[in-house]
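Q: Here you go, data_21.pdb (PDB, C-alpha atoms, pLDDT in the B column):
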```pdb
MODEL        1
ATOM      1  CA  MET A   1     -16.292  22.367 335.061  1.00 89.00           C
ATOM      2  CA  GLU A   2     -15.903  24.969 332.318  1.00 97.00           C
ATOM      3  CA  VAL A   3     -13.248  27.579 331.621  1.00 98.00           C
ATOM      4  CA  LEU A   4     -14.258  30.892 330.040  1.00 98.00           C
ATOM      5  CA  ASP A   5     -12.122  32.296 327.236  1.00 97.00           C
ATOM      6  CA  THR A   6     -11.445  36.006 326.805  1.00 95.00           C
ATOM      7  CA  SER A   7     -14.197  36.373 324.220  1.00 94.00           C
ATOM      8  CA  LEU A   8     -16.821  35.528 326.847  1.00 97.00           C
ATOM      9  CA  LEU A   9     -15.180  37.582 329.597  1.00 97.00           C
ATOM     10  CA  ILE A  10     -15.399  40.656 327.372  1.00 96.00           C
ATOM     11  CA  GLU A  11     -19.158  40.077 327.157  1.00 96.00           C
ATOM     12  CA  GLY A  12     -19.406  40.267 330.949  1.00 96.00           C
ATOM     13  CA  LYS A  13     -19.462  36.590 331.868  1.00 96.00           C
ATOM     14  CA  ARG A  14     -17.452  35.625 334.963  1.00 97.00           C
ATOM     15  CA  GLY A  15     -16.276  32.338 336.386  1.00 97.00           C
ATOM     16  CA  LEU A  16     -13.264  30.101 335.995  1.00 98.00           C
ATOM     17  CA  THR A  17     -10.681  31.417 333.515  1.00 98.00           C
ATOM     18  CA  THR A  18      -6.931  31.448 332.892  1.00 98.00           C
ATOM     19  CA  ILE A  19      -4.333  34.036 333.761  1.00 97.00           C
ATOM     20  CA  PHE A  20      -3.800  34.538 330.015  1.00 97.00           C
ATOM     21  CA  SER A  21      -7.408  35.624 329.535  1.00 96.00           C
ATOM     22  CA  ILE A  22      -7.071  37.983 332.499  1.00 97.00           C
ATOM     23  CA  ILE A  23      -3.918  39.461 330.961  1.00 96.00           C
ATOM     24  CA  GLU A  24      -5.850  39.997 327.720  1.00 95.00           C
ATOM     25  CA  TYR A  25      -8.839  41.492 329.561  1.00 97.00           C
ATOM     26  CA  PRO A  26      -7.863  42.655 333.080  1.00 97.00           C
ATOM     27  CA  LEU A  27     -11.348  43.949 333.939  1.00 96.00           C
ATOM     28  CA  ALA A  28     -12.474  40.325 334.257  1.00 96.00           C
ATOM     29  CA  SER A  29     -10.223  39.741 337.267  1.00 95.00           C
ATOM     30  CA  LYS A  30     -13.040  40.819 339.556  1.00 95.00           C
ATOM     31  CA  GLY A  31     -15.539  38.021 339.857  1.00 94.00           C
ATOM     32  CA  SER A  32     -13.377  35.357 338.212  1.00 96.00           C
ATOM     33  CA  ARG A  33     -11.354  32.469 339.578  1.00 97.00           C
ATOM     34  CA  ILE A  34      -7.983  32.263 337.861  1.00 98.00           C
ATOM     35  CA  LEU A  35      -6.053  29.182 336.725  1.00 97.00           C
ATOM     36  CA  PHE A  36      -2.280  29.412 336.397  1.00 96.00           C
ATOM     37  CA  PRO A  37      -0.211  27.092 334.199  1.00 94.00           C
ATOM     38  CA  LYS A  38       2.212  24.606 335.640  1.00 95.00           C
ATOM     39  CA  ARG A  39       5.413  23.445 333.979  1.00 96.00           C
ATOM     40  CA  GLU A  40       3.584  20.520 332.368  1.00 95.00           C
ATOM     41  CA  GLY A  41       1.149  22.936 330.742  1.00 93.00           C
ATOM     42  CA  PHE A  42       3.966  24.783 329.044  1.00 96.00           C
ATOM     43  CA  LEU A  43       5.454  21.497 327.822  1.00 96.00           C
ATOM     44  CA  LYS A  44       2.039  20.418 326.521  1.00 97.00           C
ATOM     45  CA  SER A  45       1.772  23.759 324.698  1.00 97.00           C
ATOM     46  CA  ILE A  46       4.986  23.018 322.834  1.00 97.00           C
ATOM     47  CA  GLU A  47       3.672  19.593 321.805  1.00 97.00           C
ATOM     48  CA  ILE A  48       0.430  21.112 320.554  1.00 98.00           C
ATOM     49  CA  MET A  49       2.160  23.857 318.572  1.00 97.00           C
ATOM     50  CA  VAL A  50       4.485  21.333 316.913  1.00 98.00           C
ATOM     51  CA  LYS A  51       1.467  19.279 315.828  1.00 98.00           C
ATOM     52  CA  LEU A  52      -0.361  22.372 314.547  1.00 98.00           C
ATOM     53  CA  ARG A  53       2.667  23.483 312.545  1.00 97.00           C
ATOM     54  CA  GLU A  54       3.025  19.998 311.081  1.00 97.00           C
ATOM     55  CA  ILE A  55      -0.496  20.251 309.635  1.00 97.00           C
ATOM     56  CA  GLY A  56       0.075  23.864 308.591  1.00 97.00           C
ATOM     57  CA  LYS A  57      -2.462  25.363 310.992  1.00 97.00           C
ATOM     58  CA  PRO A  58      -0.705  27.272 313.780  1.00 94.00           C
ATOM     59  CA  VAL A  59      -2.853  29.336 316.130  1.00 95.00           C
ATOM     60  CA  PRO A  60      -1.885  32.152 318.522  1.00 95.00           C
ATOM     61  CA  ALA A  61       0.460  30.991 321.285  1.00 95.00           C
ATOM     62  CA  ILE A  62      -1.773  32.320 324.065  1.00 95.00           C
ATOM     63  CA  ASP A  63      -4.641  30.189 322.787  1.00 96.00           C
ATOM     64  CA  VAL A  64      -2.415  27.105 322.742  1.00 97.00           C
ATOM     65  CA  LEU A  65      -1.449  27.834 326.353  1.00 97.00           C
ATOM     66  CA  ILE A  66      -5.113  28.185 327.334  1.00 97.00           C
ATOM     67  CA  ALA A  67      -5.947  24.889 325.625  1.00 98.00           C
ATOM     68  CA  ALA A  68      -3.030  23.147 327.345  1.00 97.00           C
ATOM     69  CA  ILE A  69      -4.263  24.286 330.771  1.00 97.00           C
ATOM     70  CA  CYS A  70      -7.694  22.860 329.978  1.00 98.00           C
ATOM     71  CA  ILE A  71      -6.288  19.583 328.647  1.00 97.00           C
ATOM     72  CA  ARG A  72      -3.977  19.041 331.627  1.00 96.00           C
ATOM     73  CA  ARG A  73      -6.827  19.678 334.083  1.00 97.00           C
ATOM     74  CA  ASP A  74      -9.527  17.868 332.081  1.00 97.00           C
ATOM     75  CA  LEU A  75     -11.645  21.011 331.819  1.00 98.00           C
ATOM     76  CA  LYS A  76     -13.864  22.203 328.975  1.00 98.00           C
ATOM     77  CA  LEU A  77     -13.195  25.568 327.338  1.00 98.00           C
ATOM     78  CA  LEU A  78     -16.104  27.812 326.348  1.00 98.00           C
ATOM     79  CA  THR A  79     -15.241  30.336 323.644  1.00 98.00           C
ATOM     80  CA  ARG A  80     -16.496  32.237 320.636  1.00 97.00           C
ATOM     81  CA  ASP A  81     -13.211  31.731 318.764  1.00 95.00           C
ATOM     82  CA  LYS A  82     -13.487  28.964 316.184  1.00 95.00           C
ATOM     83  CA  HIS A  83      -9.734  28.586 315.767  1.00 93.00           C
ATOM     84  CA  PHE A  84      -9.707  26.582 319.022  1.00 97.00           C
ATOM     85  CA  LEU A  85     -11.268  23.808 316.925  1.00 97.00           C
ATOM     86  CA  LEU A  86      -7.930  23.527 315.109  1.00 98.00           C
ATOM     87  CA  ILE A  87      -6.356  22.492 318.412  1.00 98.00           C
ATOM     88  CA  LYS A  88      -9.055  19.837 318.766  1.00 97.00           C
ATOM     89  CA  GLU A  89      -7.884  18.436 315.395  1.00 97.00           C
ATOM     90  CA  VAL A  90      -4.484  17.564 316.860  1.00 98.00           C
ATOM     91  CA  GLU A  91      -5.589  16.992 320.475  1.00 97.00           C
ATOM     92  CA  PRO A  92      -8.820  14.952 320.435  1.00 97.00           C
ATOM     93  CA  GLU A  93      -9.029  14.982 324.245  1.00 97.00           C
ATOM     94  CA  PHE A  94      -9.351  18.793 324.232  1.00 98.00           C
ATOM     95  CA  LYS A  95     -12.863  19.645 325.384  1.00 98.00           C
ATOM     96  CA  VAL A  96     -13.980  22.836 323.679  1.00 98.00           C
ATOM     97  CA  GLU A  97     -17.339  24.360 322.881  1.00 98.00           C
ATOM     98  CA  VAL A  98     -17.678  27.247 320.479  1.00 97.00           C
ATOM     99  CA  VAL A  99     -20.758  29.111 321.623  1.00 96.00           C
ATOM    100  CA  GLY A 100     -22.662  31.131 319.098  1.00 84.00           C
TER     101      GLY A 100
ENDMDL
END
```
For this file, write the structure as structure tokens.

A:
Amino acid sequence: MEVLDTSLLIEGKRGLTTIFSIIEYPLASKGSRILFPKREGFLKSIEIMVKLREIGKPVPAIDVLIAAICIRRDLKLLTRDKHFLLIKEVEPEFKVEVVG
């Protein structure tokens, strides 16, 4: 199953997404199913951000939270934002596809 990032929601795509993408683009709430983070997702986000800072490549916190939700639920993220590939550098199990 695939999770849509905000960049694709803005283009009109609908499907499974996170609450963070809905907060960024509320119009997508209609027609989308929304994932909410659990405590473990927040803890995973901290781990990811520490690793990113260690390699000198931090990314926006919301994007780390979105990635953590996907990792914890073994879901693939579809996005147009290439900086999600930086998360893949420190979390090889993160399934992400940058669509062009």

Q: Do a neighbour search on A:Leu27 at 10 Å with all atoms listed in the file, toss out local chain neighbours closer than 4 positions, and write the hits as a list in words.

A: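 What passes the distance filter is Leu9, Ile10, Gly12, Ile22, Ile23, Gly31 and Ser32 of chain A.
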
Q: Please, what distance in Å, to one decimal, runs between atom CA of A:Lys76 and atom CA of A:Pro58?

A: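 Taking atom CA of A:Lys76 as the start and atom CA of A:Pro58 as the end point, the length is 20.7 Å.
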
Q: Using the chain letters and numbering of this document, enumerate as a PyMOL selection string the residues selected by the PyMOL selection byres ((chain A and resi 39-54) around 7).

A: chain A and resi 37-38+55-58+64-65+68-69+72+90

Q: What residues come out when you apply the PyMOL selection byres ((chain A and resi 3) around 10) to this file, written as a list in words?

A: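 That selection, the PyMOL selection byres ((chain A and resi 3) around 10), comes back as Met1, Glu2, Leu4, Asp5, Thr6, Leu8, Arg14, Gly15, Leu16, Thr17, Thr18, Arg33, Ile34, Leu35, Ile66, Ala67, Ile69, Cys70, Leu75, Lys76, Leu77, Leu78, Thr79 and Val96 of chain A.
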
Q: Hey, can you spit out that residue selection with C-alpha atoms as an mmCIF file, keeping the file's coordinate frame?

A:
```cif
data_model
loop_
_atom_site.group_PDB
_atom_site.id
_atom_site.type_symbol
_atom_site.label_atom_id
_atom_site.label_comp_id
_atom_site.auth_asym_id
_atom_site.auth_seq_id
_atom_site.Cartn_x
_atom_site.Cartn_y
_atom_site.Cartn_z
ATOM 1 C CA MET A 1 -16.292 22.367 335.061
ATOM 2 C CA GLU A 2 -15.903 24.969 332.318
ATOM 3 C CA LEU A 4 -14.258 30.892 330.040
ATOM 4 C CA ASP A 5 -12.122 32.296 327.236
ATOM 5 C CA THR A 6 -11.445 36.006 326.805
ATOM 6 C CA LEU A 8 -16.821 35.528 326.847
ATOM 7 C CA ARG A 14 -17.452 35.625 334.963
ATOM 8 C CA GLY A 15 -16.276 32.338 336.386
ATOM 9 C CA LEU A 16 -13.264 30.101 335.995
ATOM 10 C CA THR A 17 -10.681 31.417 333.515
ATOM 11 C CA THR A 18 -6.931 31.448 332.892
ATOM 12 C CA ARG A 33 -11.354 32.469 339.578
ATOM 13 C CA ILE A 34 -7.983 32.263 337.861
ATOM 14 C CA LEU A 35 -6.053 29.182 336.725
ATOM 15 C CA ILE A 66 -5.113 28.185 327.334
ATOM 16 C CA ALA A 67 -5.947 24.889 325.625
ATOM 17 C CA ILE A 69 -4.263 24.286 330.771
ATOM 18 C CA CYS A 70 -7.694 22.860 329.978
ATOM 19 C CA LEU A 75 -11.645 21.011 331.819
ATOM 20 C CA LYS A 76 -13.864 22.203 328.975
ATOM 21 C CA LEU A 77 -13.195 25.568 327.338
ATOM 22 C CA LEU A 78 -16.104 27.812 326.348
ATOM 23 C CA THR A 79 -15.241 30.336 323.644
ATOM 24 C CA VAL A 96 -13.980 22.836 323.679
#
```

Q: Skip A:Phe94 itself and residues of its chain fewer than 3 positions away, then list as a PyMOL selection string all residues within 7 Å of it, counting only C-alpha atoms.

A: chain A and resi 71+88+91

Q: Restrict the selected residues to C-alpha atoms and save them as a compact mmCIF listing (two decimals), in the coordinates of the input.

A:
```
# COMPACT_ATOMS: atom_id res chain seq x y z
CA ILE A 71 -6.29 19.58 328.65
CA LYS A 88 -9.06 19.84 318.77
CA GLU A 91 -5.59 16.99 320.48
```

Q: Looking at only C-alpha atoms, which of A:Glu11, A:Ser29, A:Ile19, A:Arg73 is the one that sits closest to A:Lys95?

A: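 Among the listed residues, A:Arg73 lies closest to A:Lys95.
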
Q: Assuming 5 Å of padding per side, give the centre and edge lengths of the axis-aligned box around every listed atom of stretch 76-86 of chain A, in Å to one decimal and as AutoDock Vina command-line options.

A:
```
--center_x -12.2 --center_y 27.2 --center_z 322.0 --size_x 18.6 --size_y 20.0 --size_z 23.9
```

Q: Between A:Pro26, A:Phe20, A:Leu86, A:Ser7, which one has atoms that come closest to A:Gly100, using all atoms listed in the file?

A: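 Smallest distance to A:Gly100 is found for A:Ser7.
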
Q: In Å, rounded to a single decimal, give me how far atom CA of A:Ala28 is from atom CA of A:Leu85.

A: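 Going from atom CA of A:Leu85 over to atom CA of A:Ala28 covers 24.0 Å.
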
Q: In Å to one decimal, how far is atom CA of A:Val59 from atom CA of A:His83?

A: 6.9 Å
